[in-house]
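J.: The following block contains the structure, expressed as structure tokens.
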Amino acid sequence: MHKKANSDICLNRIIVHDSFWDKYVRLVKEVIIPYQWEVLNDMAQGTMESGCIKNFKIAAHEEQGTFTGVVFQDTDVAKWLEAVGFVLAYEDDKELEKTADTVIELLGRAQQPDGYLNTYYTISEPEKRWTNLEEGHELYIAGHMIEAAVAYYESTGKRRFLDIVCKMADLICKTFGQEENQIHGYPGHPEIELALVKLYRVTEEKRYLELAKYFIDIRGKGENYFLKEEKKSGFKRIFPEFEPYNPIYSQSHLPVREQTTAEGHAVRAVYLYCAMADLAWEYQDKSLMDTCEKLWNNIVFKRMYITGSIGSSGLLERFTTDYDLPNDSNYSESCASIGLALFGKRMASITGNASYMDVVERALYNTVLSGISMDGKSFFYVNPLEVWPPNCMEQTSKAHVKPVRQKWFGVACCPPNIARTLASLGQYLYFQEQDMLYINLYIGNTTEIKLNDHTFKINMDSSYPWQGKIEMKLSGEEKVDHTLAFRIPYGSSDFQISINGEIVENPVREQGYLKISREFQNDTISIRFSIPAVFIHANPEVRADIGKIAIMKGPLVYCLEEIDNGENLASLYISSHQEIQEDYDENILKGTSLLHLHGRKLRSHGWDEQTLYQRKEAEFEEVELTAVPYCYWGNRKTGEMLVWLKEWFE
């Protein structure tokens with residue numbers, strides 16, 4: 001495996017200013033972080049008790065009480081701190097930093113003398129440490145704490161949080177491993193593996209990388225660790241729904257290098273694959289990289305929704321089988337799409353192949369954004385592609401589907417995960433090699449980079465995804481020979497680059513990038529392409545979508561909502577043999593391109609209400625329909641929503 005020199009550009013050098021993304025990114029500091037801080041402190045109106053901050057105070061012996069929440073409740077605080085760290089990387093805010101420092105000090109006081117940091121076990125069952133790796137989430141929590149500490153250290157330069165997690169990680173290194181006096185187990189919920197790689201990269205302590213590798217290499221080998229764990233005296237089941245436990249759920253049914261299909265809990269899977277990609281890179285492990293490619297291809301070609309969401313089963317939030325992609329009962333957890341984007345980012349960086357970023361972009365523009373409201377204060381955990389509010393009923397197969405975003409959740413992993421994703425959006429924009437800069441996403445930003453050790457500033461203005469029109473100004477200290485690689489977006493055509501007004505003739509096209517090698521200094525680069533709205537068909541093996549079509553414009557999937565098109569959206573038919581009319585309306589959904597098309601609606605007029613089934617010829621009426629981006633659905637009025645429409649054949 002060729003070791004490329006791809007690396008991310010530090011987030012403190014990237015400031016996003018984009019007409020599409022600003023409506024969400026600006027909310028992170030202004031609304032999302034303050035709102036979630038209120039929730040974590042049980043001060044938000046109309047939300048269930050979180051207990052997060054209180055748990056740490058109890059663990060630090062500063063308050064009396066019992067543990068509140070699920071066993072992994074600590075991760076809400078960790079992801080909140082990580083989001084704060086990302087924000088502080090590009091925006092100075094002394095008050096926010098002071099608040100975060102106060103929380104970090106609280107974490108330090110709650111940490112046990114040996115480095116252990118976990119409020120559930122510290123408060124409730126201190127004698128049960130490391131006895132339930134299957135369900136206890138101790139290593140999962142540790143992973144999120146590490147990720148948060150690395151982000152905070154990289155943005156502020158302060159070591160306090162980093163020192164706390166290093167002490168914790170050192171304990172984990174002593175506790176787990178292949179020595180006789182160590183635990184020969186691995187996490188039930190992968191997360192710490194990718195976090196340990198991050199900790200290694202910032203500290204250069206090889207033991208953290210080696211432990212990550214150990215967790216990956218031992219997973220699924222021999223007798224399953226979790227099944228052995230269940231047989232031990234005193235094992236306590238935390239989640240009854242896991243009974244009987246199937247190792248497929250935690251991707252521990254086979255050694256990772258023998259896995260060829262994405263299985264089990266979708267979030268756990270993609271977090272695991274992220275770590276596998278990281279380790280394949282660090283150790284130049286071709287077999288591990290080959291496995292990552294097989295798993296990626298299985299997801300993208302056979303188990304992913306058009307919106308970039310994954311995990312089709314509402315039972316155990318998991319993958320099922322190839323092409324099983326129901327639209328009205330799918331789970332498609334917001335966290336799973338975030339994990340898919342993180343996995344794809346790693347694969348793109350390692351391979352230099354733009355097809356991975358096509359999927360990353362699809363997940364970010366659709367499912368990740370649908371998971372949060374435009375006011376930043378309510379969220380979808382589950383992201384279906386078809387909703388009929390009356391049948392989203394408790395104690396049914398659709399109990400997990402919600403027709404409106406929720407203020408918070410008992411298991412609240414998604415809201416802070418979305419917060420940290422929006423705060424770190426810049427990580428997806430560029431990759432860099434010694435002699436090449438990859439431009440991955442056309443999101444407006446200002447960035448400072450090094451090209452051949454010379455400082456350059458980039459200012460990008462973008463009208464994407466509404467139009468394929470981007471202006472990029474590059475200014476440097478002196479002329480530098482370099483290569484810029486521009487991703488050719490999925491769904492685009494007539495991709496063209498002009499530099500200082502002159503079209504670049506016969507550029508190199510390689511792995512989905514258009515590459516230009518020349519001297520750069522003070523240059524204006526114009527990027528032009530077409531991104532029309534088009535009709536999309538699913539593979540006929542996807543039974544849920546046979547005889548149906550969807551609409552996409554660039555990375556955006558569109559949907560119909562009841563507020564625009566009336567009730568009973570399932571009665572609508574459209575023909576793909578028509579021109580889709582586009583209309584940008586700045587007054588709807590804070591500015592969006594609406595799509596207008598013709599359709600037919602099956603009439604219910606004339607049916608005898610006393611007869612459920614009857615012999616009657618179908619009657620249709622002509623209707624005009626309006627589609628909006630899927631990511632915006634549910635932001636105006638509660639009602640039906642539909643992505644896949646029945647196709648009318650002339």
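The way I read the labels, and the way they are meant: chains A, B, ... in the order of the structure tokens, residue 1 as the first residue of every chain, and ligand 1 as the first ligand shown, with later ones counted on from there.
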Applying 8 Å and only C-alpha atoms, which residues near stretch 512-518 of chain A remain after dropping the ones on its own chain fewer than 4 positions away? List them as a list in words.
T.: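 These residues fall inside the cut-off: Asn353, Ala354, Ser355, Asp481, His482, Thr483, Leu484, Ala485, Phe486, Arg487, Ile488, Pro507 and Val508 of chain A.
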J.: List as a PDB file with N, CA, C and O atoms, in the first residue's frame the protein and nucleic acid residues near A:Gln112, meaning an atom at most 9 Å away when only C-alpha atoms are counted, but skip any in the same chain fewer than 5 places from it.
T.:
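Everything below was put into out12.pdb:
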ATOM      1  N   ALA A  59     -19.825  12.364  41.469  1.00  0.00           N
ATOM      2  CA  ALA A  59     -18.607  11.547  41.403  1.00  0.00           C
ATOM      3  C   ALA A  59     -17.429  12.241  42.071  1.00  0.00           C
ATOM      4  O   ALA A  59     -16.530  11.580  42.611  1.00  0.00           O
ATOM      5  N   ALA A  60     -17.440  13.588  42.052  1.00  0.00           N
ATOM      6  CA  ALA A  60     -16.366  14.371  42.678  1.00  0.00           C
ATOM      7  C   ALA A  60     -16.646  14.646  44.154  1.00  0.00           C
ATOM      8  O   ALA A  60     -15.893  15.390  44.800  1.00  0.00           O
ATOM      9  N   LEU A 117     -12.128   7.376  34.811  1.00  0.00           N
ATOM     10  CA  LEU A 117     -13.073   8.485  34.676  1.00  0.00           C
ATOM     11  C   LEU A 117     -14.360   7.971  34.053  1.00  0.00           C
ATOM     12  O   LEU A 117     -14.446   7.733  32.847  1.00  0.00           O
ATOM     13  N   ASN A 118     -15.370   7.776  34.898  1.00  0.00           N
ATOM     14  CA  ASN A 118     -16.656   7.261  34.448  1.00  0.00           C
ATOM     15  C   ASN A 118     -17.631   7.428  35.603  1.00  0.00           C
ATOM     16  O   ASN A 118     -17.489   6.782  36.639  1.00  0.00           O
ATOM     17  N   THR A 122     -18.318   4.893  38.908  1.00  0.00           N
ATOM     18  CA  THR A 122     -17.792   5.534  40.113  1.00  0.00           C
ATOM     19  C   THR A 122     -18.890   5.721  41.159  1.00  0.00           C
ATOM     20  O   THR A 122     -18.690   5.472  42.351  1.00  0.00           O
TER      21      THR A 122
END
J.: Contacts of A:Val25 at 8 Å or less, counting only C-alpha atoms, minus same-chain residues fewer than 6 places along, as a compact mmCIF listing (two decimals) with all heavy atoms, in the first residue's frame?
T.:
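Below you can see selection.txt, which holds the result:
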# COMPACT_ATOMS: atom_id res chain seq x y z
N VAL A 16 -15.46 29.01 7.90
CA VAL A 16 -16.53 28.80 6.93
C VAL A 16 -17.41 30.03 6.86
O VAL A 16 -17.83 30.58 7.88
CB VAL A 16 -17.38 27.56 7.31
CG1 VAL A 16 -18.62 27.45 6.44
CG2 VAL A 16 -16.53 26.29 7.20
N LEU A 422 -20.97 19.98 12.90
CA LEU A 422 -21.10 21.30 12.31
C LEU A 422 -19.93 22.19 12.70
O LEU A 422 -19.43 22.97 11.88
CB LEU A 422 -22.41 21.94 12.74
CG LEU A 422 -23.70 21.28 12.22
CD1 LEU A 422 -24.93 21.93 12.84
CD2 LEU A 422 -23.77 21.36 10.70
N ALA A 423 -19.48 22.08 13.95
CA ALA A 423 -18.37 22.92 14.41
C ALA A 423 -17.06 22.56 13.71
O ALA A 423 -16.16 23.40 13.60
CB ALA A 423 -18.21 22.79 15.92
J.: Quick one: everything within 6 Å of stretch 206-223 of chain A, counting only C-alpha atoms, minus sequence neighbours fewer than 3 positions away in the same chain. Send it as a list in words.
T.: Tyr186, Glu193, Leu196, Val197, Tyr200, Ser252, His253, Leu254 and Pro255 of chain A
J.: With only C-alpha atoms as the counted atoms, please give the residues lying no more than 12 Å from A:Leu107, apart from itself and same-chain residues fewer than 2 positions off, as a ChimeraX atom specification.
T.: /A:52-62,74,77-78,81,100-105,109-112,115-119,145,149,160-165,168
J.: Take the residues from that selection and write them out as a short mmCIF file (atom, residue, chain, number, x, y, z; two decimals), in the first residue's frame, keeping N, CA, C and O atoms.
T.:
data_model
loop_
_atom_site.label_atom_id
_atom_site.label_comp_id
_atom_site.auth_asym_id
_atom_site.auth_seq_id
_atom_site.Cartn_x
_atom_site.Cartn_y
_atom_site.Cartn_z
N CYS A 52 -26.18 15.18 33.45
CA CYS A 52 -24.78 15.01 33.06
C CYS A 52 -23.81 15.73 34.00
O CYS A 52 -22.90 15.12 34.56
N ILE A 53 -23.99 17.03 34.15
CA ILE A 53 -23.08 17.79 35.00
C ILE A 53 -23.23 17.36 36.46
O ILE A 53 -22.24 17.23 37.19
N LYS A 54 -24.45 17.12 36.86
CA LYS A 54 -24.69 16.68 38.24
C LYS A 54 -23.98 15.37 38.52
O LYS A 54 -23.44 15.16 39.62
N ASN A 55 -23.97 14.45 37.56
CA ASN A 55 -23.28 13.18 37.75
C ASN A 55 -21.81 13.38 38.08
O ASN A 55 -21.25 12.71 38.95
N PHE A 56 -21.17 14.31 37.37
CA PHE A 56 -19.75 14.57 37.64
C PHE A 56 -19.56 15.19 39.02
O PHE A 56 -18.57 14.90 39.71
N LYS A 57 -20.48 16.05 39.43
CA LYS A 57 -20.38 16.65 40.77
C LYS A 57 -20.56 15.59 41.86
O LYS A 57 -19.87 15.64 42.89
N ILE A 58 -21.44 14.64 41.63
CA ILE A 58 -21.63 13.56 42.59
C ILE A 58 -20.37 12.69 42.64
O ILE A 58 -19.89 12.31 43.72
N ALA A 59 -19.83 12.36 41.47
CA ALA A 59 -18.61 11.55 41.40
C ALA A 59 -17.43 12.24 42.07
O ALA A 59 -16.53 11.58 42.61
N ALA A 60 -17.44 13.59 42.05
CA ALA A 60 -16.37 14.37 42.68
C ALA A 60 -16.65 14.65 44.15
O ALA A 60 -15.89 15.39 44.80
N HIS A 61 -17.75 14.08 44.68
CA HIS A 61 -18.15 14.25 46.08
C HIS A 61 -18.48 15.70 46.41
O HIS A 61 -18.28 16.15 47.55
N GLU A 62 -19.00 16.41 45.42
CA GLU A 62 -19.39 17.81 45.64
C GLU A 62 -20.90 17.97 45.80
O GLU A 62 -21.37 19.03 46.20
N ASP A 74 -22.07 10.19 30.21
CA ASP A 74 -20.90 11.10 30.21
C ASP A 74 -20.54 11.60 28.82
O ASP A 74 -19.93 12.67 28.68
N VAL A 77 -21.45 15.19 27.65
CA VAL A 77 -20.54 16.25 28.07
C VAL A 77 -19.29 16.25 27.20
O VAL A 77 -18.81 17.31 26.78
N ALA A 78 -18.77 15.06 26.90
CA ALA A 78 -17.55 14.97 26.10
C ALA A 78 -17.76 15.58 24.72
O ALA A 78 -16.93 16.38 24.25
N LEU A 81 -17.99 19.34 24.88
CA LEU A 81 -16.67 19.94 25.02
C LEU A 81 -15.90 19.89 23.69
O LEU A 81 -15.16 20.83 23.36
N ALA A 100 -15.89 26.13 29.56
CA ALA A 100 -15.32 24.82 29.24
C ALA A 100 -14.22 24.45 30.24
O ALA A 100 -14.15 23.29 30.69
N ASP A 101 -13.37 25.40 30.60
CA ASP A 101 -12.31 25.12 31.57
C ASP A 101 -12.89 24.70 32.92
O ASP A 101 -12.34 23.83 33.60
N THR A 102 -14.02 25.32 33.29
CA THR A 102 -14.68 24.94 34.54
C THR A 102 -15.16 23.50 34.50
O THR A 102 -15.02 22.74 35.47
N VAL A 103 -15.72 23.10 33.35
CA VAL A 103 -16.17 21.70 33.19
C VAL A 103 -14.98 20.75 33.23
O VAL A 103 -15.03 19.70 33.86
N ILE A 104 -13.91 21.13 32.56
CA ILE A 104 -12.71 20.28 32.53
C ILE A 104 -12.15 20.08 33.94
O ILE A 104 -11.75 18.97 34.32
N GLU A 105 -12.13 21.14 34.73
CA GLU A 105 -11.68 21.01 36.12
C GLU A 105 -12.59 20.08 36.91
O GLU A 105 -12.13 19.31 37.76
N ARG A 109 -11.64 16.60 38.90
CA ARG A 109 -11.97 16.28 40.30
C ARG A 109 -12.75 14.98 40.41
O ARG A 109 -12.69 14.29 41.44
N ALA A 110 -13.52 14.66 39.36
CA ALA A 110 -14.28 13.40 39.35
C ALA A 110 -13.41 12.20 38.99
O ALA A 110 -13.80 11.06 39.24
N GLN A 111 -12.24 12.46 38.41
CA GLN A 111 -11.35 11.37 38.03
C GLN A 111 -10.79 10.69 39.28
O GLN A 111 -10.42 11.34 40.25
N GLN A 112 -10.71 9.37 39.22
CA GLN A 112 -10.19 8.61 40.35
C GLN A 112 -8.66 8.66 40.37
O GLN A 112 -8.02 8.94 39.35
N GLY A 115 -6.71 7.24 37.58
CA GLY A 115 -6.98 7.72 36.23
C GLY A 115 -8.35 7.37 35.70
O GLY A 115 -8.76 7.87 34.65
N TYR A 116 -9.08 6.50 36.38
CA TYR A 116 -10.40 6.06 35.92
C TYR A 116 -11.37 7.24 35.90
O TYR A 116 -11.43 8.04 36.84
N LEU A 117 -12.13 7.38 34.81
CA LEU A 117 -13.07 8.49 34.68
C LEU A 117 -14.36 7.97 34.05
O LEU A 117 -14.45 7.73 32.85
N ASN A 118 -15.37 7.78 34.90
CA ASN A 118 -16.66 7.26 34.45
C ASN A 118 -17.63 7.43 35.60
O ASN A 118 -17.49 6.78 36.64
N THR A 119 -18.63 8.29 35.42
CA THR A 119 -19.49 8.60 36.57
C THR A 119 -20.43 7.47 36.93
O THR A 119 -20.76 7.29 38.10
N MET A 145 -14.07 11.11 25.43
CA MET A 145 -13.31 12.04 26.26
C MET A 145 -11.97 12.37 25.60
O MET A 145 -11.52 13.52 25.59
N ALA A 149 -10.66 16.01 24.33
CA ALA A 149 -9.44 16.59 24.87
C ALA A 149 -8.46 16.96 23.77
O ALA A 149 -7.79 18.01 23.84
N ARG A 160 -4.49 20.79 30.29
CA ARG A 160 -5.19 20.22 31.43
C ARG A 160 -6.09 19.05 31.04
O ARG A 160 -6.01 17.96 31.62
N PHE A 161 -6.96 19.24 30.06
CA PHE A 161 -7.86 18.17 29.62
C PHE A 161 -7.06 17.03 29.02
O PHE A 161 -7.34 15.85 29.26
N LEU A 162 -6.04 17.35 28.24
CA LEU A 162 -5.21 16.33 27.63
C LEU A 162 -4.51 15.49 28.70
O LEU A 162 -4.42 14.26 28.58
N ASP A 163 -4.03 16.14 29.74
CA ASP A 163 -3.37 15.40 30.83
C ASP A 163 -4.36 14.46 31.53
O ASP A 163 -4.00 13.34 31.93
N ILE A 164 -5.60 14.92 31.69
CA ILE A 164 -6.63 14.08 32.32
C ILE A 164 -6.84 12.81 31.50
O ILE A 164 -6.86 11.70 32.04
N VAL A 165 -7.01 12.96 30.18
CA VAL A 165 -7.29 11.77 29.37
C VAL A 165 -6.05 10.91 29.18
O VAL A 165 -6.16 9.69 29.01
N MET A 168 -6.02 8.71 32.07
CA MET A 168 -7.04 7.69 31.87
C MET A 168 -6.56 6.66 30.84
O MET A 168 -6.72 5.44 31.04
#
J.: Do you know which residues are at most 12 Å from stretch 575-578 of chain A counting only C-alpha atoms, after dropping those on the same chain fewer than 6 positions away, and could you put them as a PyMOL selection string?
T.: chain A and resi 533-537+547-551+596-601+622+625+645-650
J.: Based on the selection just made, write N, CA and C atoms of those residues as a tab-separated table (two decimals), in the first residue's frame.
T.:
chain	number	residue	atom	x	y	z
A	533	ALA	N	-31.38	19.57	-11.60
A	533	ALA	CA	-32.20	18.60	-10.87
A	533	ALA	C	-32.53	17.45	-11.82
A	534	VAL	N	-32.38	16.22	-11.35
A	534	VAL	CA	-32.58	15.05	-12.20
A	534	VAL	C	-33.38	13.98	-11.45
A	535	PHE	N	-33.98	13.10	-12.23
A	535	PHE	CA	-34.70	11.96	-11.67
A	535	PHE	C	-33.73	10.79	-11.47
A	536	ILE	N	-33.89	10.10	-10.36
A	536	ILE	CA	-33.00	8.99	-9.99
A	536	ILE	C	-33.82	7.73	-9.76
A	537	HIS	N	-33.33	6.61	-10.31
A	537	HIS	CA	-33.93	5.30	-10.04
A	537	HIS	C	-33.02	4.50	-9.13
A	547	GLY	N	-40.42	0.72	-9.17
A	547	GLY	CA	-41.52	1.50	-9.74
A	547	GLY	C	-41.60	2.91	-9.18
A	548	LYS	N	-40.50	3.38	-8.56
A	548	LYS	CA	-40.50	4.71	-7.97
A	548	LYS	C	-39.28	5.50	-8.46
A	549	ILE	N	-39.38	6.81	-8.32
A	549	ILE	CA	-38.26	7.68	-8.66
A	549	ILE	C	-38.08	8.73	-7.57
A	550	ALA	N	-36.84	9.19	-7.46
A	550	ALA	CA	-36.50	10.27	-6.54
A	550	ALA	C	-35.89	11.40	-7.35
A	551	ILE	N	-35.68	12.52	-6.69
A	551	ILE	CA	-35.13	13.70	-7.37
A	551	ILE	C	-33.91	14.18	-6.60
A	596	HIS	N	-40.32	22.40	-9.18
A	596	HIS	CA	-41.73	22.31	-9.57
A	596	HIS	C	-41.86	21.29	-10.69
A	597	LEU	N	-42.86	20.43	-10.59
A	597	LEU	CA	-43.07	19.41	-11.61
A	597	LEU	C	-44.54	19.04	-11.68
A	598	HIS	N	-44.88	18.36	-12.75
A	598	HIS	CA	-46.25	17.91	-12.97
A	598	HIS	C	-46.42	16.50	-12.43
A	599	GLY	N	-47.62	16.21	-11.97
A	599	GLY	CA	-47.90	14.88	-11.47
A	599	GLY	C	-49.35	14.51	-11.65
A	600	ARG	N	-49.68	13.32	-11.26
A	600	ARG	CA	-51.06	12.85	-11.25
A	600	ARG	C	-51.36	12.30	-9.86
A	601	LYS	N	-52.59	12.52	-9.44
A	601	LYS	CA	-53.00	12.06	-8.12
A	601	LYS	C	-54.20	11.13	-8.26
A	622	GLU	N	-54.77	15.77	-12.72
A	622	GLU	CA	-53.49	16.44	-12.91
A	622	GLU	C	-53.22	17.36	-11.72
A	625	LEU	N	-46.79	19.97	-8.46
A	625	LEU	CA	-46.11	19.57	-7.23
A	625	LEU	C	-44.88	20.44	-6.97
A	645	LEU	N	-41.25	8.62	-5.10
A	645	LEU	CA	-42.60	8.76	-5.64
A	645	LEU	C	-42.85	7.69	-6.69
A	646	LYS	N	-44.09	7.26	-6.78
A	646	LYS	CA	-44.46	6.28	-7.80
A	646	LYS	C	-44.27	6.90	-9.19
A	647	GLU	N	-43.75	6.08	-10.09
A	647	GLU	CA	-43.48	6.58	-11.45
A	647	GLU	C	-44.67	6.30	-12.37
A	648	TRP	N	-45.03	7.31	-13.13
A	648	TRP	CA	-46.11	7.19	-14.12
A	648	TRP	C	-45.47	6.89	-15.47
A	649	PHE	N	-45.88	5.78	-16.07
A	649	PHE	CA	-45.34	5.39	-17.37
A	649	PHE	C	-46.36	5.72	-18.45
A	650	GLU	N	-45.93	6.53	-19.40
A	650	GLU	CA	-46.84	6.96	-20.48
A	650	GLU	C	-47.19	5.77	-21.38
J.: Which residues come within 10 Å of A:Lys450, counting only C-alpha atoms, excluding same-chain residues fewer than 6 positions away, as a list in words?
T.: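 That gives Ile9, Gln432, Gln434, Leu437, Phe456, Lys457 and Gly476 of chain A.
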J.: Put those residues in a file: N, CA and C atoms, as a short mmCIF file (atom, residue, chain, number, x, y, z; two decimals), in the first residue's frame.
T.:
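Saved to selection-v3.cif:
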data_model
loop_
_atom_site.label_atom_id
_atom_site.label_comp_id
_atom_site.auth_asym_id
_atom_site.auth_seq_id
_atom_site.Cartn_x
_atom_site.Cartn_y
_atom_site.Cartn_z
N ILE A 9 -5.89 20.08 7.18
CA ILE A 9 -5.42 21.42 7.51
C ILE A 9 -6.02 21.79 8.85
N GLN A 432 -4.15 17.63 2.12
CA GLN A 432 -2.90 18.17 1.60
C GLN A 432 -1.81 17.12 1.58
N GLN A 434 2.44 16.82 0.20
CA GLN A 434 3.58 17.73 0.10
C GLN A 434 3.52 18.57 -1.17
N LEU A 437 -2.66 19.98 -3.22
CA LEU A 437 -3.76 20.39 -2.36
C LEU A 437 -5.05 19.88 -2.98
N PHE A 456 0.10 30.60 1.96
CA PHE A 456 -0.89 31.04 0.98
C PHE A 456 -2.23 31.24 1.69
N LYS A 457 -2.98 32.19 1.22
CA LYS A 457 -4.33 32.40 1.70
C LYS A 457 -5.32 32.03 0.61
N GLY A 476 -0.26 34.33 -2.40
CA GLY A 476 0.91 33.80 -1.71
C GLY A 476 2.07 34.76 -1.66
#
J.: Check which residues of stretch 293-335 of chain A sit at most 12 Å from stretch 381-394 of chain A using only C-alpha atoms, and return one row each with the closest pair of atoms and their distance in Å to one decimal, ordered by chain and rising number, as a tab-separated table.
T.:
residue	atom	partner	partner_atom	distance
A:Tyr305	CA	A:Leu385	CA	8.8
A:Ile306	CA	A:Leu385	CA	9.2
A:Thr307	CA	A:Leu385	CA	8.4
A:Gly308	CA	A:Asn383	CA	10.5
A:Ser309	CA	A:Asn383	CA	7.7
A:Ile310	CA	A:Asn383	CA	9.6
A:Gly311	CA	A:Val382	CA	9.9
A:Ser312	CA	A:Pro384	CA	9.2
A:Ser313	CA	A:Val382	CA	10.7
A:Gly314	CA	A:Val382	CA	8.8
A:Glu317	CA	A:Val382	CA	9.5
A:Leu325	CA	A:Leu385	CA	9.9
A:Pro326	CA	A:Leu385	CA	8.4
A:Asn327	CA	A:Leu385	CA	4.8
A:Asp328	CA	A:Glu386	CA	4.7
A:Ser329	CA	A:Pro384	CA	6.6
A:Asn330	CA	A:Pro384	CA	5.6
A:Tyr331	CA	A:Val382	CA	5.2
A:Ser332	CA	A:Asn383	CA	5.3
A:Glu333	CA	A:Val382	CA	4.8
A:Ser334	CA	A:Tyr381	CA	5.7
A:Cys335	CA	A:Tyr381	CA	7.9
J.: Can you tell me, as number ranges by chain, which residues in stretch 354-465 of chain A count as helix (DSSP H, G or I) by DSSP?
T.: A: 354-370, 389-391, 414-423, 425-428
J.: Choose the residue, out of A:Glu91, A:Glu567, A:Glu82, A:Glu229, that has the smallest atom-to-atom separation from A:Arg420; count only C-alpha atoms.
T.: A:Glu82
J.: With distances taken over only C-alpha atoms, which residue among A:Leu139, A:Val557, A:Met641, A:Val31 lies nearest A:Val404?
T.: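 When distances to A:Val404 are compared using only C-alpha atoms, the smallest one comes from A:Met641.
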J.: Which value, in Å to one decimal, gives the distance between atom CA of A:Glu30 and atom CA of A:Ala83?
T.: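 Taking atom CA of A:Glu30 as the start and atom CA of A:Ala83 as the end point, the length is 12.5 Å.
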J.: Which one is closest to A:Ile299: A:Leu589, A:Ser287, A:Lys345, A:Ala336? Count only C-alpha atoms.
T.: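 Residue with the minimum atom-to-atom distance to A:Ile299: A:Ala336.
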J.: Considering only C-alpha atoms, can you say which of A:Met436, A:Leu96, A:Ile172, A:Met304 comes closest to A:Thr321?
T.: A:Met304
J.: Given only C-alpha atoms as the basis, pick out the residue of A:Glu38, A:Asp278, A:Glu135, A:Asp114 nearest to A:Arg201.
T.: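 Distance minimum relative to A:Arg201 lands on A:Asp278.
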J.: To one decimal place in Å, what is the distance between atom CA of A:Val480 and atom CA of A:Ile449?
T.: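 Taking atom CA of A:Val480 and atom CA of A:Ile449, their separation equals 12.7 Å.
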